[in-house]
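J.: This structure is in structure tokens; I'll ask about it shortly.
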Amino acid sequence: MDRFVLELRELDRTQVAAVGGKGAHLGELSRMEGVSVPDGFCVTTDAFRRITADAPSLNDRLEQLSRLDPDDREAIRTHSADIRRTLEEVAFPDDVATAVRRALLRCGERTAYAVRSSATAEDLPTASFAGQQDTYLNVVGPAAVLRHIGLCWASLFTERAVTYRLRNGLGQRTVHMAVVVQQMAFPQASGVLFTADPVTSDRKVACVEAGLGLGEALVSGLVNPDVYRVRDGDVVAKAVASKQRAVHASPGGGTRQQAVESARQEKPALTDAQVLRLAQLGRRIEAHFGCPQDIEWCLADDGFQIVQSRPITTLFPVPETGDGANHVYVSVGHQQMMTDPMRPLGLSLWQLTTPRPMCEAGGRLFVDVTPRLASPASRDGILQALGSSDPLIRDALETVLARDGFIRPLPDEGPAEPVPGGTPEPVETDPAIVTELIRRNQASLAALQHDIQAKSGGPLLDFILADVQELKRLLFDPYSLRVITAGMDAASWLNEHLREWLGERNAADTLTQSVPHNVTSEMGLALLDVADVIRPHPDVVALLRDAEDESFLDELAGLDGGREARDAITAYLDTYGMRCVGEIDITRPRWSERPTTLLPMLLSHVDTFEPGAARRHFEQGRQEARRKEEELLERLRALPDGERKAAETKHMIDRVRTFTGYREYPKYGMVSRYLVYKRALLEEAGRLVHAGVLRETEDVFFLRFQELHDAVRTNRVDHDLIRRRQDAFRSYQALTPPRVLTSDGEALTGTYRRHGLPAGALAGLPVSAGTVEGRARVVLDMTEAALEPGDILVTAHTDPSWSPLFVAATALVTEVGGLMTHGAVVAREYGLPAVVGVDRATRLIQDGQHIRVNGTDGYVEIVSTS
């Protein structure tokens, strides 16, 4: 055969570049013993390149297509349609047509064929591209086959395929199209087999969907499939659908819908024995390819034919253990408000920073809680600790615990051992304690900034590794933790006792408004002060509105008020420029590296607030807290034994106001050090690029810390490893990490088991009391936020970098969060009603809808649409 046509039996999985993902997988399957694949051939990507070479101006059009925004549907529709017309108008090359006709002669010219697109970016482990290109069934005759091959080529540029590539970071010119031409199968039943449950992600459960006739009826949604679930060789669940219609091949070519006789409509498409045989075949194919598969099958004459197998790319990966035992993992990202994937350098540095062993999966970190769940001595403690932070995590863990045999209980070892030294001594309520802790942290940071300047090469990496120990000392200093715990315990005491004594719910929420030393809250208010400097100068405001890159700071100096504006922004960055979205990942761009990130929030403040808003905002919160304190103490004194109760409450109010703000400082100190590390590491990466060791400076982000140390020492890196990790990172970005994950791959989200909520309310965790109605602003990217007075911020999760948005919001709703996460702490200090942990909030609440947020009872109601 020539370079334009290859027979399926000549192919294997290594030939994706020549025959696309589908063709390579079918070739691999056809070589497997015991797997039946309809015979056929592939028209190669060389043929596609041959036809595109004859298409005028195609390169320029593809370049324009590559620059489009994946959300600009109209532009994508117009450009892709233009490219498809161009390809359809190009004459079919004679040499390609000759090669196809020769292949058809060998298979039979009057044989019916399935003609199917096979792109080089299709059916890959990181992106399946399922359904993105076209398939044509029951194509009869050489002229029809050639015509449909041309349609398959053009389908590389359907709107949906172009959008998919744009969203997955794949270039429009780097993907090519092959076409699979197979002898047509005429089945009595067909469908899809998933070797992992597509709903729960459980790798031990296979799911079979089956219908009568051709699979087009299922793919098009014409009929509902029979659904079978198989585990450990048994059909554990079965749902048989009513089958009123089916799709069959037409005698002259193509397909037609056909009514199913009434006696057949309620019968299953497959027997249980056939389902088990198919599941077993699927396990063999899965083992061959090394990952869970989405398999299209046909049943003809009681034999199964496989017409496609692709990786299931939507499953969240499972941490690798290799011990074969059952494990339960809890997401670290849901505790840290960072559920996005992290690059290898960020993962490794975070693991160096934290004392607890962690597992990696899908670019995220997890903690294996299996031993603590198995031990009666620790089980209740971990459920209580995780449940108080995130009730959904607790519910998911209890779901796993309720299953017989998944977690083997350890022998009851009696009560947990007491902490050495007994109960920690109480911390004196003295503001100087917090001041001194902050001073020590700042002094340590200043020493790092001074000492690191003289370091480079291997000694730099050694120095950073040693300094991480100093960072850990500060983060986990027992006295610092006692101070944080004192504030948390005081808030719990106030909520518990004031509810008992006065019927007052969530009293601490108001009492913690505008506390001192909360660096995250201060950061949000400080941006209001920057807006005050900018607001009087129209030319400065205009320049900031048009700024497209980081050079805007240099351009300010020549404008009226520009120097003052530049100094104010620079001073803000000097204090808070180490922050960014996802700041626990050292590889994420910091505000000081990308100050344009701040401009939307800054300009919103210029437009929305009056001068002096920061001072008024803080003072208003302080006065509300003071009035609440006076009211509560007065009511307490009127009770029996009221003077004692008032005195105890006053002591706890002083403690909560003295220590609560410090809760935010240790992380601020950590990310301040991370910025110092990052600047030094990027300088080192620049030297590696100059020496030809790295190709790009940011390639360093795809090396783990020890690998970077080795690269600096040896002046060598594995470029293929970096490329594979870059590809994997792109695929991880499309995944949503579960709160709880089992070693079977099952992803559990948990549910709220509360009663008495209003009909249709979205349940969540109440973290800041109060009820507010307003317009929902669903924000997925902080840089695109445009909040107006009265808006309610609805987002997936917040970390400290989101705090400047809080001053413009009247309430907060997030999908992820807990009582003591940063967003909850700042919401309470700003006096914003807040509900967190609202599952799928950004999908169930539409931007612009009028909603009601009940931060006291923990739910959100959609009042009206926009």
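Residues are named by chain letter and number: chains run A, B, ... in the order of the structure tokens, numbers start at 1 in each chain, and ligands are numbered from 1 in the order shown.
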List the spatial neighbours of range 259-268 of chain A as a PyMOL selection string - criterion: any atom at most 7 Å away, only C-alpha atoms, same-chain residues fewer than 5 positions off excluded.
T.: chain A and resi 226+240-246
J.: List every residue of range 310-397 of chain A that DSSP, applied to the backbone of this structure, places in alpha helix (DSSP H), and write the result as a tab-separated table (two decimals) with C-alpha atoms, in the first residue's frame.
T.:
chain	number	residue	atom	x	y	z
A	333	GLY	CA	-7.69	21.74	47.71
A	334	HIS	CA	-11.14	21.93	49.27
A	335	GLN	CA	-9.49	22.88	52.56
A	336	GLN	CA	-7.16	25.40	50.93
A	344	PRO	CA	4.89	19.89	39.55
A	345	LEU	CA	7.12	22.58	41.11
A	346	GLY	CA	4.13	23.96	43.01
A	347	LEU	CA	3.03	20.49	44.14
A	348	SER	CA	6.46	19.54	45.39
A	349	LEU	CA	7.12	22.81	47.24
A	350	TRP	CA	3.72	22.69	48.94
A	351	GLN	CA	4.45	19.13	50.03
A	352	LEU	CA	7.80	20.28	51.44
A	353	THR	CA	5.97	23.03	53.33
A	370	THR	CA	-7.92	5.36	55.67
A	371	PRO	CA	-5.91	4.54	58.83
A	372	ARG	CA	-7.71	7.21	60.85
A	373	LEU	CA	-11.11	6.03	59.64
A	374	ALA	CA	-10.22	2.43	60.44
A	376	PRO	CA	-12.05	3.62	66.53
A	377	ALA	CA	-9.75	5.86	68.56
A	378	SER	CA	-9.38	8.44	65.78
A	379	ARG	CA	-12.48	7.95	63.60
A	380	ASP	CA	-14.84	10.26	65.47
A	381	GLY	CA	-12.17	12.92	65.77
A	382	ILE	CA	-11.45	13.15	62.06
A	383	LEU	CA	-15.16	13.08	61.18
A	384	GLN	CA	-15.80	15.89	63.63
A	385	ALA	CA	-12.82	17.96	62.45
A	386	LEU	CA	-13.60	17.60	58.75
A	387	GLY	CA	-17.34	17.89	59.29
A	388	SER	CA	-17.06	21.19	61.13
A	389	SER	CA	-15.09	22.57	58.21
A	391	PRO	CA	-20.18	18.88	56.15
A	392	LEU	CA	-20.16	17.43	52.63
A	393	ILE	CA	-16.79	15.80	53.27
A	394	ARG	CA	-18.10	14.22	56.47
A	395	ASP	CA	-21.20	12.92	54.73
A	396	ALA	CA	-19.10	11.42	51.92
A	397	LEU	CA	-16.83	9.69	54.45
J.: Which distance in Å separates CA of Arg777 in chain A and CA of His605 in chain A, to one decimal?
T.: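 Taking CA of Arg777 in chain A as the start and CA of His605 in chain A as the end point, the length is 16.2 Å.
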J.: Kindly give the distance, in Å, that separates CA of Glu861 in chain A and CA of Val813 in chain A, rounded to a single decimal.
T.: 11.2 Å
J.: Between A:Glu619, A:Asp467, A:Asp477, A:Asp430, which has the minimum distance to Val656 in chain A (counting only C-alpha atoms)?
T.: A:Asp430
J.: Residues at most 6 Å from range 269-283 of chain A, counting only C-alpha atoms, excluding those fewer than 2 positions away in the same chain, as a compact mmCIF listing (two decimals) with all heavy atoms, in the first residue's frame?
T.:
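Once everything was written out, this is part-v6.txt:
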# COMPACT_ATOMS: atom_id res chain seq x y z
N GLY A 211 -28.99 -0.73 22.85
CA GLY A 211 -30.25 -0.49 22.14
C GLY A 211 -30.33 -1.41 20.94
O GLY A 211 -29.36 -2.11 20.59
N ILE A 285 -9.73 -5.35 26.93
CA ILE A 285 -9.32 -4.18 26.14
C ILE A 285 -8.74 -3.10 27.05
O ILE A 285 -7.73 -2.49 26.74
CB ILE A 285 -10.52 -3.64 25.34
CG1 ILE A 285 -10.95 -4.68 24.28
CG2 ILE A 285 -10.18 -2.31 24.68
CD1 ILE A 285 -12.24 -4.32 23.56
N GLU A 286 -9.37 -2.89 28.21
CA GLU A 286 -8.86 -1.92 29.18
C GLU A 286 -7.45 -2.30 29.63
O GLU A 286 -6.56 -1.44 29.70
CB GLU A 286 -9.80 -1.87 30.39
CG GLU A 286 -9.32 -0.95 31.51
CD GLU A 286 -10.20 -1.06 32.74
OE1 GLU A 286 -10.22 -2.15 33.37
OE2 GLU A 286 -10.88 -0.06 33.06
J.: Kindly give the distance, in Å, that separates CA of Glu773 in chain A and CA of Thr856 in chain A, rounded to a single decimal.
T.: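 Separating CA of Glu773 in chain A from CA of Thr856 in chain A is a distance of 13.6 Å.
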J.: If you run DSSP on the backbone here, which positions in range 192-423 of chain A get strand (DSSP E or B)? Please write them as number ranges by chain.
T.: A: 192-194, 205-213, 226-231, 234-239, 245-249, 255-259, 293-300, 303-311, 328-331, 359-361, 364-368
J.: What lies within 10 Å of Gly612 in chain A using only C-alpha atoms, ignoring chain neighbours under 6 positions off, as a ChimeraX atom specification?
T.: /A:528-529,531-532
J.: Could you write out the selected residues, including N, CA and C atoms, as a short mmCIF file (atom, residue, chain, number, x, y, z; two decimals), in the first residue's frame?
T.:
data_model
loop_
_atom_site.label_atom_id
_atom_site.label_comp_id
_atom_site.auth_asym_id
_atom_site.auth_seq_id
_atom_site.Cartn_x
_atom_site.Cartn_y
_atom_site.Cartn_z
N LEU A 528 -9.12 50.28 48.13
CA LEU A 528 -10.01 51.44 48.10
C LEU A 528 -9.21 52.73 48.26
N ASP A 529 -8.17 52.71 49.10
CA ASP A 529 -7.32 53.89 49.27
C ASP A 529 -6.57 54.21 47.98
N ALA A 531 -7.69 53.56 45.00
CA ALA A 531 -8.72 54.15 44.13
C ALA A 531 -8.92 55.63 44.44
N ASP A 532 -8.81 56.01 45.73
CA ASP A 532 -8.96 57.42 46.10
C ASP A 532 -7.87 58.28 45.46
#
J.: Kindly indicate which residue among A:Ala646, A:Leu299, A:Leu166, A:Leu448 lies nearest to Ile464 in chain A, using only C-alpha atoms for the distances.
T.: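 Looking only at the distances to Ile464 in chain A, the closest residue turns out to be A:Leu448.
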J.: Residues near range 95-110 of chain A, anyone? I mean within 7 Å using only C-alpha atoms, not counting same-chain ones fewer than 5 positions away, as a ChimeraX atom specification.
T.: /A:4-5,47,140-142
J.: With a cut-off of 12 Å, could you pull out the residues of range 704-788 of chain A touching range 310-321 of chain A and give me the nearest pair of atoms for each, distance in Å to one decimal, using only C-alpha atoms, ordered by chain and ascending number, as a Markdown table?
T.:
| residue | atom | partner | partner_atom | distance |
| --- | --- | --- | --- | --- |
| A:Ala728 | CA | A:Thr313 | CA | 11.0 |
| A:Arg730 | CA | A:Thr313 | CA | 11.9 |
| A:Ser731 | CA | A:Thr313 | CA | 8.1 |
| A:Tyr732 | CA | A:Phe316 | CA | 8.5 |
| A:Gln733 | CA | A:Thr314 | CA | 10.9 |
| A:Ala734 | CA | A:Thr314 | CA | 8.0 |
| A:Leu735 | CA | A:Phe316 | CA | 6.6 |
| A:Thr736 | CA | A:Phe316 | CA | 7.5 |
| A:Pro737 | CA | A:Phe316 | CA | 6.7 |
| A:Pro738 | CA | A:Phe316 | CA | 8.0 |
| A:Arg739 | CA | A:Phe316 | CA | 11.5 |
| A:Val740 | CA | A:Val318 | CA | 11.1 |
| A:Leu741 | CA | A:Val318 | CA | 7.6 |
| A:Thr742 | CA | A:Val318 | CA | 7.7 |
| A:Ser743 | CA | A:Val318 | CA | 6.2 |
| A:Asp744 | CA | A:Val318 | CA | 7.8 |
| A:Gly745 | CA | A:Val318 | CA | 5.7 |
| A:Glu746 | CA | A:Phe316 | CA | 8.8 |
| A:Ala747 | CA | A:Phe316 | CA | 7.8 |
| A:Leu748 | CA | A:Phe316 | CA | 11.3 |
J.: Which polymer residues have any atom within 12 Å of an atom of Arg716 in chain A, counting only C-alpha atoms, with same-chain residues fewer than 2 positions away left out, as a list in words?
T.: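 Result of the neighbour search: Leu688, Val689, Ala691, Gly692, Val693, Leu694, Arg695, Leu703, Glu707, Leu708, His709, Asp710, Ala711, Val712, Arg713, Thr714, Asp718 and His719 of chain A.
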J.: Deliver the residues from the most recent selection as a file, using N, CA and C atoms, as a short mmCIF file (atom, residue, chain, number, x, y, z; two decimals), in the first residue's frame.
T.:
data_model
loop_
_atom_site.label_atom_id
_atom_site.label_comp_id
_atom_site.auth_asym_id
_atom_site.auth_seq_id
_atom_site.Cartn_x
_atom_site.Cartn_y
_atom_site.Cartn_z
N LEU A 688 19.60 28.76 33.11
CA LEU A 688 19.52 27.47 32.43
C LEU A 688 19.08 27.62 30.98
N VAL A 689 18.20 28.57 30.71
CA VAL A 689 17.81 28.85 29.33
C VAL A 689 19.00 29.38 28.55
N ALA A 691 22.03 28.84 29.06
CA ALA A 691 23.01 27.76 28.86
C ALA A 691 22.48 26.67 27.94
N GLY A 692 21.24 26.82 27.47
CA GLY A 692 20.68 25.83 26.56
C GLY A 692 20.15 24.60 27.25
N VAL A 693 20.03 24.63 28.57
CA VAL A 693 19.51 23.47 29.31
C VAL A 693 17.99 23.43 29.24
N LEU A 694 17.34 24.59 29.46
CA LEU A 694 15.90 24.71 29.32
C LEU A 694 15.56 25.45 28.04
N ARG A 695 14.41 25.13 27.46
CA ARG A 695 13.98 25.83 26.25
C ARG A 695 13.25 27.13 26.59
N LEU A 703 9.13 20.88 36.55
CA LEU A 703 10.08 20.04 37.26
C LEU A 703 9.76 20.08 38.75
N GLU A 707 14.08 17.61 41.12
CA GLU A 707 14.49 17.52 39.71
C GLU A 707 15.14 18.81 39.25
N LEU A 708 14.63 19.94 39.72
CA LEU A 708 15.27 21.21 39.40
C LEU A 708 16.66 21.28 40.01
N HIS A 709 16.78 20.80 41.23
CA HIS A 709 18.11 20.75 41.88
C HIS A 709 19.06 19.92 41.03
N ASP A 710 18.60 18.77 40.52
CA ASP A 710 19.45 17.91 39.69
C ASP A 710 19.81 18.60 38.38
N ALA A 711 18.82 19.33 37.80
CA ALA A 711 19.10 20.04 36.55
C ALA A 711 20.16 21.11 36.73
N VAL A 712 20.09 21.83 37.84
CA VAL A 712 21.10 22.86 38.13
C VAL A 712 22.47 22.22 38.32
N ARG A 713 22.48 21.06 38.96
CA ARG A 713 23.75 20.38 39.26
C ARG A 713 24.37 19.76 38.01
N THR A 714 23.53 19.18 37.13
CA THR A 714 24.06 18.43 35.99
C THR A 714 23.99 19.18 34.67
N ASP A 718 15.17 16.40 31.15
CA ASP A 718 14.44 15.50 30.25
C ASP A 718 13.33 16.32 29.59
N HIS A 719 13.55 16.78 28.36
CA HIS A 719 12.56 17.62 27.68
C HIS A 719 11.27 16.86 27.38
#
J.: Quick one: of A:Asp234, A:Asp197, A:Asp857, A:Asp607, who's nearest to Leu757 in chain A, counting only C-alpha atoms?
T.: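 Residue with the minimum atom-to-atom distance to Leu757 in chain A: A:Asp857.
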J.: Give the answer as one residue: which of A:Ala526, A:Asp232, A:Ile584, A:Gln257 has the shortest atom-to-atom distance to Ala571 in chain A, using only C-alpha atoms?
T.: A:Ala526
J.: Report as number ranges by chain all protein, DNA and RNA residues lying within 8 Å of Trp493 in chain A, evaluated on only C-alpha atoms, omitting residues in the same chain fewer than 4 positions from it.
T.: A: 489, 497, 652
J.: Out of A:Arg408, A:Arg203, A:Arg364, A:Arg256, which residue has the shortest atom-to-atom distance to Asp585 in chain A when counting only C-alpha atoms?
T.: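 Of all the options, A:Arg364 lies closest to Asp585 in chain A.
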